[in-house]
Structure formats: C-alpha cells, structure tokens
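Trainee: Sharing upload.cif below, mmCIF, C-alpha atoms and all ligand atoms:
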data_run
#
loop_
_atom_site.label_atom_id
_atom_site.label_comp_id
_atom_site.auth_asym_id
_atom_site.auth_seq_id
_atom_site.Cartn_x
_atom_site.Cartn_y
_atom_site.Cartn_z
CA MET A 1 0.00 0.00 0.00
CA ALA A 2 1.18 3.49 -0.75
CA GLY A 3 2.10 5.81 2.04
CA THR A 4 0.49 9.17 2.47
CA ASN A 5 3.13 10.76 0.26
CA GLY A 6 1.32 9.17 -2.67
CA LYS A 7 4.34 7.30 -4.06
CA SER A 8 4.70 3.54 -4.07
CA ASN A 9 7.03 1.49 -6.27
CA GLY A 10 7.55 4.54 -8.45
CA LYS A 11 3.83 4.77 -9.10
CA GLU A 12 1.95 7.87 -8.11
CA THR A 13 -1.23 7.17 -6.21
CA ILE A 14 -3.79 9.57 -7.65
CA ILE A 15 -6.75 8.26 -5.65
CA GLU A 16 -6.26 6.86 -2.16
CA VAL A 17 -9.21 5.28 -0.35
CA ARG A 18 -8.58 4.17 3.24
CA ASP A 19 -10.93 2.30 5.54
CA VAL A 20 -14.00 3.91 4.05
CA VAL A 21 -17.36 3.09 5.60
CA VAL A 22 -20.60 4.02 3.83
CA GLY A 23 -24.11 3.06 4.79
CA PHE A 24 -27.75 3.93 4.29
CA GLY A 25 -29.67 3.69 7.54
CA THR A 26 -28.77 0.34 9.04
CA HIS A 27 -27.51 -1.04 5.71
CA ILE A 28 -23.72 -0.78 5.71
CA VAL A 29 -22.53 -1.07 2.12
CA LEU A 30 -18.80 -0.34 2.47
CA LYS A 31 -17.21 -1.77 5.60
CA GLY A 32 -13.73 -0.34 5.51
CA ALA A 33 -12.75 -0.26 1.85
CA ASP A 34 -9.15 0.43 0.77
CA LEU A 35 -8.10 1.22 -2.77
CA ASP A 36 -5.22 2.88 -4.62
CA VAL A 37 -5.55 4.11 -8.17
CA TYR A 38 -2.26 4.93 -9.91
CA ARG A 39 -1.74 7.79 -12.31
CA GLY A 40 -2.11 6.79 -15.94
CA GLU A 41 -3.66 3.37 -15.41
CA ILE A 42 -7.00 1.93 -16.44
CA LEU A 43 -8.41 0.32 -13.33
CA GLY A 44 -11.34 -2.06 -13.73
CA PHE A 45 -13.56 -2.14 -10.66
CA VAL A 46 -15.65 -5.28 -10.35
CA GLY A 47 -17.96 -6.96 -7.87
CA GLY A 48 -21.38 -8.53 -7.68
CA SER A 49 -24.53 -6.62 -8.49
CA GLY A 50 -25.38 -4.45 -5.49
CA ALA A 51 -21.90 -4.89 -3.97
CA GLY A 52 -21.39 -1.14 -3.77
CA LYS A 53 -19.29 -0.33 -6.84
CA SER A 54 -21.37 2.70 -7.80
CA VAL A 55 -21.56 3.70 -4.15
CA LEU A 56 -17.76 3.73 -3.83
CA MET A 57 -17.39 5.69 -7.07
CA ARG A 58 -20.00 8.20 -5.96
CA THR A 59 -18.38 8.47 -2.53
CA ILE A 60 -14.99 9.21 -4.09
CA ILE A 61 -16.49 12.03 -6.14
CA GLY A 62 -18.30 13.39 -3.12
CA LEU A 63 -21.92 12.59 -3.97
CA ILE A 64 -22.42 10.20 -1.06
CA PRO A 65 -21.14 10.98 2.46
CA LYS A 66 -18.90 8.47 4.19
CA ARG A 67 -19.23 7.54 7.85
CA ALA A 68 -15.53 6.86 8.38
CA GLY A 69 -12.23 6.66 6.55
CA THR A 70 -10.31 8.99 4.27
CA ILE A 71 -10.32 9.68 0.56
CA LYS A 72 -7.48 11.58 -1.07
CA VAL A 73 -7.50 12.66 -4.68
CA PHE A 74 -4.34 14.27 -6.08
CA GLY A 75 -3.11 14.15 -2.47
CA GLN A 76 -5.98 16.35 -1.31
CA ASP A 77 -7.90 14.94 1.64
CA MET A 78 -11.43 15.42 0.34
CA GLY A 79 -12.92 15.25 3.84
CA ALA A 80 -10.77 18.19 4.96
CA ALA A 81 -11.06 20.26 1.77
CA SER A 82 -12.62 23.70 1.70
CA ASP A 83 -15.32 24.32 -0.92
CA GLU A 84 -12.74 26.05 -3.06
CA GLU A 85 -10.25 23.18 -2.77
CA ARG A 86 -13.00 20.68 -3.57
CA ARG A 87 -14.00 22.57 -6.70
CA ALA A 88 -10.39 22.74 -7.79
CA VAL A 89 -10.19 18.94 -7.58
CA GLU A 90 -13.60 18.40 -9.23
CA ARG A 91 -12.41 20.49 -12.13
CA ARG A 92 -9.74 17.84 -12.79
CA TRP A 93 -12.03 14.82 -13.19
CA GLY A 94 -14.84 13.81 -15.52
CA VAL A 95 -17.64 11.35 -14.82
CA LEU A 96 -19.82 9.02 -16.88
CA PHE A 97 -22.67 7.84 -14.65
CA GLN A 98 -24.31 4.42 -14.81
CA GLN A 99 -27.83 5.82 -14.91
CA GLY A 100 -28.95 8.81 -16.92
CA ALA A 101 -25.71 9.21 -18.80
CA LEU A 102 -27.06 12.44 -20.36
CA PHE A 103 -29.58 15.12 -19.42
CA SER A 104 -32.57 14.14 -21.56
CA SER A 105 -33.98 17.66 -21.83
CA LEU A 106 -30.73 19.13 -23.16
CA SER A 107 -29.28 18.84 -26.65
CA VAL A 108 -25.92 17.16 -27.17
CA ARG A 109 -24.33 20.61 -27.42
CA GLU A 110 -25.89 21.70 -24.13
CA ASN A 111 -24.93 18.44 -22.47
CA LEU A 112 -21.31 18.84 -23.54
CA GLN A 113 -21.23 22.46 -22.41
CA PHE A 114 -22.83 21.78 -19.04
CA PRO A 115 -19.53 21.15 -17.21
CA MET A 116 -17.90 24.04 -19.08
CA ARG A 117 -20.59 26.44 -17.84
CA GLU A 118 -20.25 25.03 -14.35
CA TYR A 119 -16.49 25.41 -14.06
CA LEU A 120 -15.20 27.73 -16.79
CA LYS A 121 -16.14 31.21 -17.85
CA LEU A 122 -15.75 31.15 -21.59
CA PRO A 123 -17.35 32.82 -24.59
CA GLN A 124 -19.99 30.71 -26.36
CA ARG A 125 -17.93 30.50 -29.54
CA LEU A 126 -15.04 28.90 -27.69
CA MET A 127 -17.37 26.45 -25.92
CA ASP A 128 -18.81 25.52 -29.32
CA GLU A 129 -15.32 24.77 -30.62
CA MET A 130 -14.55 22.73 -27.52
CA ALA A 131 -17.80 20.75 -27.81
CA LEU A 132 -16.96 19.87 -31.40
CA ALA A 133 -13.40 18.89 -30.50
CA LYS A 134 -14.63 16.55 -27.73
CA LEU A 135 -17.15 14.94 -30.08
CA GLU A 136 -14.40 14.29 -32.60
CA MET A 137 -12.27 12.75 -29.86
CA VAL A 138 -14.94 10.10 -29.31
CA GLY A 139 -15.46 9.44 -33.01
CA LEU A 140 -18.59 11.55 -33.62
CA ASP A 141 -19.06 14.62 -35.78
CA GLY A 142 -20.82 17.95 -35.42
CA GLY A 143 -23.97 16.51 -36.98
CA VAL A 144 -25.15 15.29 -33.60
CA LEU A 145 -24.71 18.61 -31.75
CA GLU A 146 -28.36 19.67 -32.04
CA LYS A 147 -29.79 16.20 -31.42
CA PHE A 148 -31.45 15.21 -28.15
CA PRO A 149 -30.49 12.06 -26.21
CA SER A 150 -33.73 10.30 -27.25
CA GLU A 151 -32.58 10.55 -30.88
CA LEU A 152 -29.26 8.78 -30.25
CA SER A 153 -28.44 5.06 -30.36
CA GLY A 154 -27.10 3.42 -27.20
CA GLY A 155 -23.54 3.51 -28.49
CA MET A 156 -23.79 7.17 -29.50
CA THR A 157 -25.25 8.07 -26.10
CA LYS A 158 -22.27 6.46 -24.36
CA ARG A 159 -19.87 8.29 -26.67
CA VAL A 160 -21.52 11.65 -26.03
CA ALA A 161 -21.46 10.92 -22.30
CA LEU A 162 -17.75 10.13 -22.60
CA ALA A 163 -17.22 13.36 -24.55
CA ARG A 164 -18.96 15.22 -21.74
CA ALA A 165 -16.72 13.50 -19.18
CA LEU A 166 -13.76 14.80 -21.21
CA ALA A 167 -15.16 18.33 -21.45
CA LEU A 168 -12.73 19.89 -18.98
CA ASP A 169 -9.64 17.92 -20.15
CA PRO A 170 -9.68 15.80 -17.00
CA GLU A 171 -6.76 13.92 -15.49
CA ILE A 172 -9.12 11.21 -14.20
CA VAL A 173 -12.30 9.85 -15.74
CA PHE A 174 -14.77 7.82 -13.71
CA LEU A 175 -16.83 5.48 -15.87
CA ASP A 176 -19.69 3.50 -14.32
CA GLU A 177 -20.45 0.49 -16.54
CA PRO A 178 -19.78 2.37 -19.78
CA THR A 179 -20.35 -0.67 -22.00
CA SER A 180 -23.47 -2.03 -20.34
CA GLY A 181 -26.37 -2.14 -22.77
CA LEU A 182 -24.07 -2.16 -25.79
CA ASP A 183 -23.79 -5.15 -28.11
CA PRO A 184 -20.39 -6.91 -28.03
CA ILE A 185 -19.10 -5.04 -31.09
CA GLY A 186 -20.24 -1.68 -29.73
CA ALA A 187 -18.70 -2.56 -26.37
CA GLY A 188 -15.44 -3.58 -28.04
CA ASP A 189 -15.34 -0.32 -30.00
CA PHE A 190 -15.93 1.63 -26.82
CA ASP A 191 -13.12 -0.25 -25.05
CA THR A 192 -10.77 0.57 -27.92
CA LEU A 193 -11.78 4.21 -27.65
CA ILE A 194 -11.08 4.29 -23.91
CA ALA A 195 -7.70 2.63 -24.40
CA THR A 196 -6.81 5.11 -27.16
CA LEU A 197 -7.81 8.10 -25.04
CA GLN A 198 -5.85 6.79 -22.09
CA ARG A 199 -2.77 6.36 -24.30
CA THR A 200 -2.99 9.62 -26.17
CA LEU A 201 -4.14 11.86 -23.31
CA GLY A 202 -2.44 10.02 -20.45
CA ILE A 203 -5.60 10.11 -18.38
CA THR A 204 -6.28 7.81 -15.46
CA VAL A 205 -9.42 5.71 -15.86
CA PHE A 206 -11.52 4.32 -13.00
CA MET A 207 -13.99 2.01 -14.68
CA VAL A 208 -16.75 0.05 -12.99
CA THR A 209 -17.56 -2.85 -15.26
CA HIS A 210 -19.15 -6.27 -15.51
CA ASP A 211 -17.59 -6.81 -18.87
CA LEU A 212 -14.93 -9.52 -18.74
CA ASP A 213 -13.78 -8.63 -22.25
CA SER A 214 -13.08 -5.07 -21.09
CA LEU A 215 -11.15 -6.41 -18.13
CA HIS A 216 -9.01 -8.59 -20.36
CA THR A 217 -8.41 -6.11 -23.16
CA VAL A 218 -8.12 -2.63 -21.66
CA CYS A 219 -7.60 -2.76 -17.91
CA ASP A 220 -4.08 -2.51 -16.49
CA ARG A 221 -5.28 -3.62 -13.07
CA ILE A 222 -8.47 -4.91 -11.54
CA ALA A 223 -9.90 -4.29 -8.08
CA VAL A 224 -12.59 -6.54 -6.64
CA LEU A 225 -15.27 -5.44 -4.20
CA ALA A 226 -16.99 -8.07 -2.07
CA ASP A 227 -18.52 -8.04 1.39
CA GLY A 228 -17.99 -4.30 1.65
CA LYS A 229 -14.24 -4.44 1.09
CA VAL A 230 -11.77 -4.44 -1.76
CA ILE A 231 -10.70 -8.06 -1.43
CA ALA A 232 -8.11 -8.03 -4.21
CA ALA A 233 -6.33 -5.61 -6.53
CA GLY A 234 -3.82 -6.47 -9.21
CA THR A 235 -3.28 -7.51 -12.80
CA MET A 236 -5.50 -9.97 -14.65
CA ASP A 237 -2.76 -12.57 -14.24
CA THR A 238 -2.93 -12.07 -10.49
CA MET A 239 -6.71 -12.47 -10.58
CA LEU A 240 -6.49 -15.63 -12.67
CA ALA A 241 -3.87 -17.13 -10.36
CA SER A 242 -5.83 -16.40 -7.20
CA THR A 243 -7.36 -19.25 -5.26
CA HIS A 244 -9.91 -17.00 -3.54
CA PRO A 245 -13.35 -18.62 -4.15
CA TRP A 246 -14.99 -15.40 -5.30
CA LEU A 247 -12.20 -14.63 -7.76
CA ARG A 248 -12.16 -18.21 -9.05
CA ALA A 249 -15.91 -18.17 -9.61
CA TYR A 250 -15.78 -14.78 -11.31
CA PHE A 251 -12.70 -15.08 -13.50
CA HIS A 252 -12.92 -18.81 -14.27
CA GLY A 253 -16.71 -18.96 -14.38
CA LYS A 254 -19.05 -19.63 -17.27
CA ARG A 255 -18.65 -16.22 -18.88
CA SER A 256 -14.90 -15.92 -18.52
CA ARG A 257 -12.48 -16.31 -21.37
CA ALA A 258 -10.01 -18.26 -19.31
CA GLU A 259 -12.26 -21.29 -19.22
CA PRO A 260 -15.01 -20.91 -21.79
CA ARG A 261 -16.49 -24.31 -20.97
CA PRO A 262 -15.96 -24.99 -17.28
CA ALA A 263 -16.08 -28.54 -16.03
CA LYS A 264 -19.36 -29.78 -14.64
CA GLY A 265 -19.78 -29.20 -10.95
CA HIS A 266 -17.88 -25.94 -11.18
CA ALA A 267 -18.50 -23.91 -8.04
CA ALA A 268 -21.33 -21.44 -8.31
CA PRO A 269 -20.50 -17.82 -7.58
CA PRO A 270 -20.92 -16.97 -3.91
CA PRO A 271 -24.15 -15.22 -2.89
CA GLY A 272 -24.26 -11.73 -4.28
CA GLY A 273 -21.81 -12.86 -6.95
CA PRO A 274 -21.55 -11.55 -10.47
CA VAL A 275 -24.66 -11.24 -12.59
N1 LIG B 301 -29.01 6.37 -2.25
C1 LIG B 301 -29.14 5.14 -1.71
N2 LIG B 301 -29.98 4.93 -0.67
C2 LIG B 301 -30.10 3.71 -0.11
N3 LIG B 301 -29.44 2.62 -0.53
C3 LIG B 301 -28.61 2.76 -1.56
C4 LIG B 301 -28.41 4.03 -2.22
N4 LIG B 301 -27.51 3.87 -3.21
C5 LIG B 301 -27.16 2.57 -3.18
N5 LIG B 301 -27.81 1.91 -2.20
C6 LIG B 301 -27.65 0.49 -1.88
O1 LIG B 301 -26.28 0.21 -1.79
C7 LIG B 301 -25.99 -1.07 -2.30
C8 LIG B 301 -24.91 -0.97 -3.34
O2 LIG B 301 -25.44 -0.31 -4.48
P1 LIG B 301 -24.57 -0.01 -5.76
O3 LIG B 301 -23.30 0.65 -5.38
O4 LIG B 301 -25.46 0.74 -6.70
O5 LIG B 301 -24.24 -1.47 -6.31
P2 LIG B 301 -23.39 -1.87 -7.59
O6 LIG B 301 -22.19 -2.60 -7.08
O7 LIG B 301 -24.27 -2.80 -8.38
O8 LIG B 301 -23.04 -0.62 -8.34
C9 LIG B 301 -27.29 -1.64 -2.82
O9 LIG B 301 -27.83 -2.49 -1.84
C10 LIG B 301 -28.15 -0.41 -3.01
O10 LIG B 301 -29.50 -0.72 -2.85
MG MG B 302 -23.62 0.18 -10.10
#
Mind turning the file's structure into structure tokens?
Mentor:
Amino acid sequence: MAGTNGKSNGKETIIEVRDVVVGFGTHIVLKGADLDVYRGEILGFVGGSGAGKSVLMRTIIGLIPKRAGTIKVFGQDMGAASDEERRAVERRWGVLFQQGALFSSLSVRENLQFPMREYLKLPQRLMDEMALAKLEMVGLDGGVLEKFPSELSGGMTKRVALARALALDPEIVFLDEPTSGLDPIGAGDFDTLIATLQRTLGITVFMVTHDLDSLHTVCDRIAVLADGKVIAAGTMDTMLASTHPWLRAYFHGKRSRAEPRPAKGHAAPPPGGPV
C-alpha cells in the first residue's frame, strides 16, 4: 500500500481510499474499503450486483457521504477540503454515470457544455469549438450537436457521455459500466476508444464494469469489491492465479475467457456474486 506521500514502487497514487465506511440507515454497504488508483492506469472495478461499486465511485467524487475513513484525490484529503479546494479537484475529473448518462432535456451541445458552464467562464464560440473537439475525440461529428439524447443510439449516447466526461480535459475519468447495454461489437469499439484516449491523453481511468472482455483487453489492473471491502487488486494474471473462491468463480466462471467451458460441478459464484 502506498504511504500518504502518494508514491509507491515509483507509481503515483492519484486516488487513495482508506478504511471507508458508507451506509444507508442500518444497511452498511462499504465496511472499511481500501483502494489505490495509480496515475495513468485503467483500473477495472468489479464486484457482484449491489456490492457497492457505484456507491464507492459516488463516494470518491463526493456525492455520497462516508461515515468513516479517508479519501485523497491528487493528495488532497477530500474530507478536509474547503469548498474552493473541492471545486479545484472536481475540475480535474470527468464522470460518466451508470444511470442517466445524459440530461434528456438538453441537446448534445448543451450536455457537452454543461460542465464548461459550471467550471469555466468562456465565450460561447469557444465552448462551441470545444464541444466539437470533444465529439471528434470520441469518433462523432458535429452533426449530432443539435440532437437530443432520445434521438441517439445506445452507443452514440455512451460516446456523447464520454465526450462530456472529457469536457474539462480531465486527469481522471470515472466510468460507471460504460459498455453495459451495448452489443459486443459496440462494447469492443468503446473499449478501444477508452484505451486510445488513455494512451494519447495520459488520463487515469476508474472504470466500474461487468464486462470480462473489457477487463481482459483494456484494464491494467483490476480491483474486486466483495462483502464491503476491496478483497483483491492487481493484474488480470494475479486475478487468474488467485485461489480465492470469489475470484475463481468470477474469473474462471461460465462467462470468462479463461475457461469458456468450465467442467461440470464448477462452483457457483458466492451469494451476491456476479450477474
Ligand atoms: N441512495 C441510496 N440509498 C439507499 N441505498 C442505496 C443508495 N444507493 C445505493 N444503495 C444500496 O447500496 C448497495 C450498493 O449499491 P450499488 O453501489 O449501486 O451497487 P453496484 O455494485 O451494483 O453498483 C445496494 O444495496 C443499493 O440498494
Ligand atoms: Mg452500479
């Protein structure tokens, strides 16, 4: 684990989660979660449905309060930050949410310019140029600027949402199940896009996903959430070599690539396992 100076094995820890507890009423979702995200990596964040992946992501970005623990982003302790310090950090990340990826009542142009209006004071003409540049980054053209989300395909919606996450030239992007709902080819194209953006822009990617193909093809490391804690973090090879029952069921299960046709009697995923 990295120390508080944010350096470990030459890697810079850009997000540091320590002993974080989050609950709703009597339902404790995160029971002391620890996680490091290193600068420049694509981290895949996995866990069963309802495990708390979205909750941890939303806690890191400050949308859900934690009951205990610390979260540092760029070395800034978010719990101790002033409003001004918090805004300065928020300005450096972009988010693609699992639900409601876009504002349905706003055009693509307005969606893309929403974060710009929130954090930058720029003339409209410049924001228009920026919106177009972000669309091109995600493989779309200006033809979609005046469209509304209901007029877009699933794949285009995800691309526009990614373009919006990139609006402020972030150092980190948080993606919550960006390929869910896409067909395998669309999902593969989206993965390629994320990998290309990470390479060309050097951004750090925190990606919640259920998509084993994404984990194999684009993620540098994987972190696994189960029973309210991050039970493992490491490369895919580390995951595949693990003897932990949850990891074996997940990474060697029916849907995995490692063992496309598991032997009969293969252990079922533990309760609350992957869907
Ligand atoms: N705002 C909320 N109020 C109450 N319970 C919530 C809230 N958000 C999430 N939860 C609960 O927290 C648990 C984890 O949810 P979530 O993080 O969305 O799971 P997932 O790992 O599938 O993303 C679930 O049991 C969910 O019902
Ligand atoms: Mg979720």
Trainee: Counting all atoms listed in the file, which residue out of A:Arg18, A:Arg159, A:Arg199, A:Arg58 sits closest to A:Leu182?
Mentor: A:Arg159
Trainee: Residues within 10 Å of ligand MG 302 (chain B) (all atoms listed in the file), as an NGL selection string?
Mentor: :A and (46-58 or 97-99 or 176-177 or 208-210)
Trainee: Choose the residue, out of A:Arg92, A:His27, A:Lys11, A:Arg67, that has the smallest atom-to-atom separation from ligand LIG 301 (chain B); count all atoms listed in the file.
Mentor: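 Under the stated criterion, the closest residue is A:His27.
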Trainee: At a cut-off of 9 Å, using only C-alpha atoms, what residues contact A:Asp191? Leave out same-chain residues fewer than 2 positions from it and give the result as an NGL selection string.
Mentor: :A and (178-179 or 186-189 or 193-196 or 213-214 or 217-218)
Trainee: What's the separation between atom CA of A:Gly143 and atom CA of A:Thr192, in Å to one decimal place?
Mentor: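 Those two atoms sit 22.6 Å apart.
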Trainee: Find the residue from A:Val29, A:Leu212, A:Leu201, A:Ala81 that sits nearest to ligand LIG 301 (chain B); use only C-alpha atoms and all ligand atoms when measuring.
Mentor: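 Checking each of A:Val29, A:Leu212, A:Leu201, A:Ala81 against ligand LIG 301 (chain B), counting only C-alpha atoms and all ligand atoms, the winner is A:Val29.
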Trainee: I'd like the interatomic distance between atom CA of A:Arg117 and atom CA of A:Phe74, to a tenth of an Å.
Mentor: 23.5 Å
Trainee: Give the answer as one residue: which of A:Leu120, A:Val22, A:Leu140, A:Leu112 has the shortest atom-to-atom distance to A:Arg91, using all atoms listed in the file?
Mentor: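 Of A:Leu120, A:Val22, A:Leu140, A:Leu112, the one nearest A:Arg91, counting all atoms listed in the file, is A:Leu120.
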Trainee: If we count only C-alpha atoms and set the cut-off at 7 Å, which residues sit around stretch 166-175 of chain A, ignoring sequence neighbours fewer than 3 positions away in its own chain? Please answer as a list of chain:residue names.
Mentor: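 Residues near the query, excluding close chain neighbours: A:Arg91, A:Arg92, A:Trp93, A:Gly94, A:Val95, A:Leu96, A:Phe97, A:Leu112, A:Pro115, A:Met116, A:Lys134, A:Leu162, A:Ala163, A:Pro178, A:Ile203, A:Thr204, A:Val205, A:Phe206, A:Met207, A:Val208.
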Trainee: State, in Å with one decimal place, the distance from atom CA of A:Ala133 to atom CA of A:Gln113.
Mentor: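 If I compute the distance from atom CA of A:Ala133 to atom CA of A:Gln113, I get 11.8 Å.
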Trainee: Using only C-alpha atoms and all ligand atoms, which of A:His244, A:Arg125, A:Arg221, A:Lys229 sits nearest ligand LIG 301 (chain B)?
Mentor: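 Checking each of A:His244, A:Arg125, A:Arg221, A:Lys229 against ligand LIG 301 (chain B), counting only C-alpha atoms and all ligand atoms, the winner is A:Lys229.
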Trainee: Around ligand LIG 301 (chain B), with edges along x, y and z and 3 Å added on all six sides, what centre and edge lengths do you get, in Å to one decimal, as AutoDock Vina command-line options?
Mentor:
--center_x -26.1 --center_y 1.8 --center_z -4.2 --size_x 13.9 --size_y 15.2 --size_z 14.3
Trainee: I need the residue nearest ligand LIG 301 (chain B) from this list: A:Val230, A:Ala131, A:Leu145, A:Met239. Use all atoms listed in the file for the distance.
Mentor: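 Nearest candidate to ligand LIG 301 (chain B) out of A:Val230, A:Ala131, A:Leu145, A:Met239: A:Val230.
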Trainee: Which residues, written as a PyMOL selection string, have at least one atom at most 8 Å from A:Val160, with only C-alpha atoms counted and residues fewer than 6 positions away on the same chain left out?
Mentor: chain A and resi 102+108+112+135+138
Trainee: Compute the distance from (-10.9, -11.8, -12.5) to each atom, counting only C-alpha atoms, keep the residues with any atom at most 10 Å away, and return them as JSON, numbers by chain; use the coordinates of the file.
Mentor: {"A": [44, 46, 47, 212, 215, 216, 221, 222, 223, 224, 232, 233, 234, 235, 236, 237, 238, 239, 240, 241, 242, 246, 247, 248, 249, 250, 251, 252, 253, 256, 258]}
Trainee: Write out, as a compact mmCIF listing (two decimals), keeping the file's coordinate frame, the residues just selected, with C-alpha atoms.
Mentor:
# COMPACT_ATOMS: atom_id res chain seq x y z
CA GLY A 44 -11.34 -2.06 -13.73
CA VAL A 46 -15.65 -5.28 -10.35
CA GLY A 47 -17.96 -6.96 -7.87
CA LEU A 212 -14.93 -9.52 -18.74
CA LEU A 215 -11.15 -6.41 -18.13
CA HIS A 216 -9.01 -8.59 -20.36
CA ARG A 221 -5.28 -3.62 -13.07
CA ILE A 222 -8.47 -4.91 -11.54
CA ALA A 223 -9.90 -4.29 -8.08
CA VAL A 224 -12.59 -6.54 -6.64
CA ALA A 232 -8.11 -8.03 -4.21
CA ALA A 233 -6.33 -5.61 -6.53
CA GLY A 234 -3.82 -6.47 -9.21
CA THR A 235 -3.28 -7.51 -12.80
CA MET A 236 -5.50 -9.97 -14.65
CA ASP A 237 -2.76 -12.57 -14.24
CA THR A 238 -2.93 -12.07 -10.49
CA MET A 239 -6.71 -12.47 -10.58
CA LEU A 240 -6.49 -15.63 -12.67
CA ALA A 241 -3.87 -17.13 -10.36
CA SER A 242 -5.83 -16.40 -7.20
CA TRP A 246 -14.99 -15.40 -5.30
CA LEU A 247 -12.20 -14.63 -7.76
CA ARG A 248 -12.16 -18.21 -9.05
CA ALA A 249 -15.91 -18.17 -9.61
CA TYR A 250 -15.78 -14.78 -11.31
CA PHE A 251 -12.70 -15.08 -13.50
CA HIS A 252 -12.92 -18.81 -14.27
CA GLY A 253 -16.71 -18.96 -14.38
CA SER A 256 -14.90 -15.92 -18.52
CA ALA A 258 -10.01 -18.26 -19.31
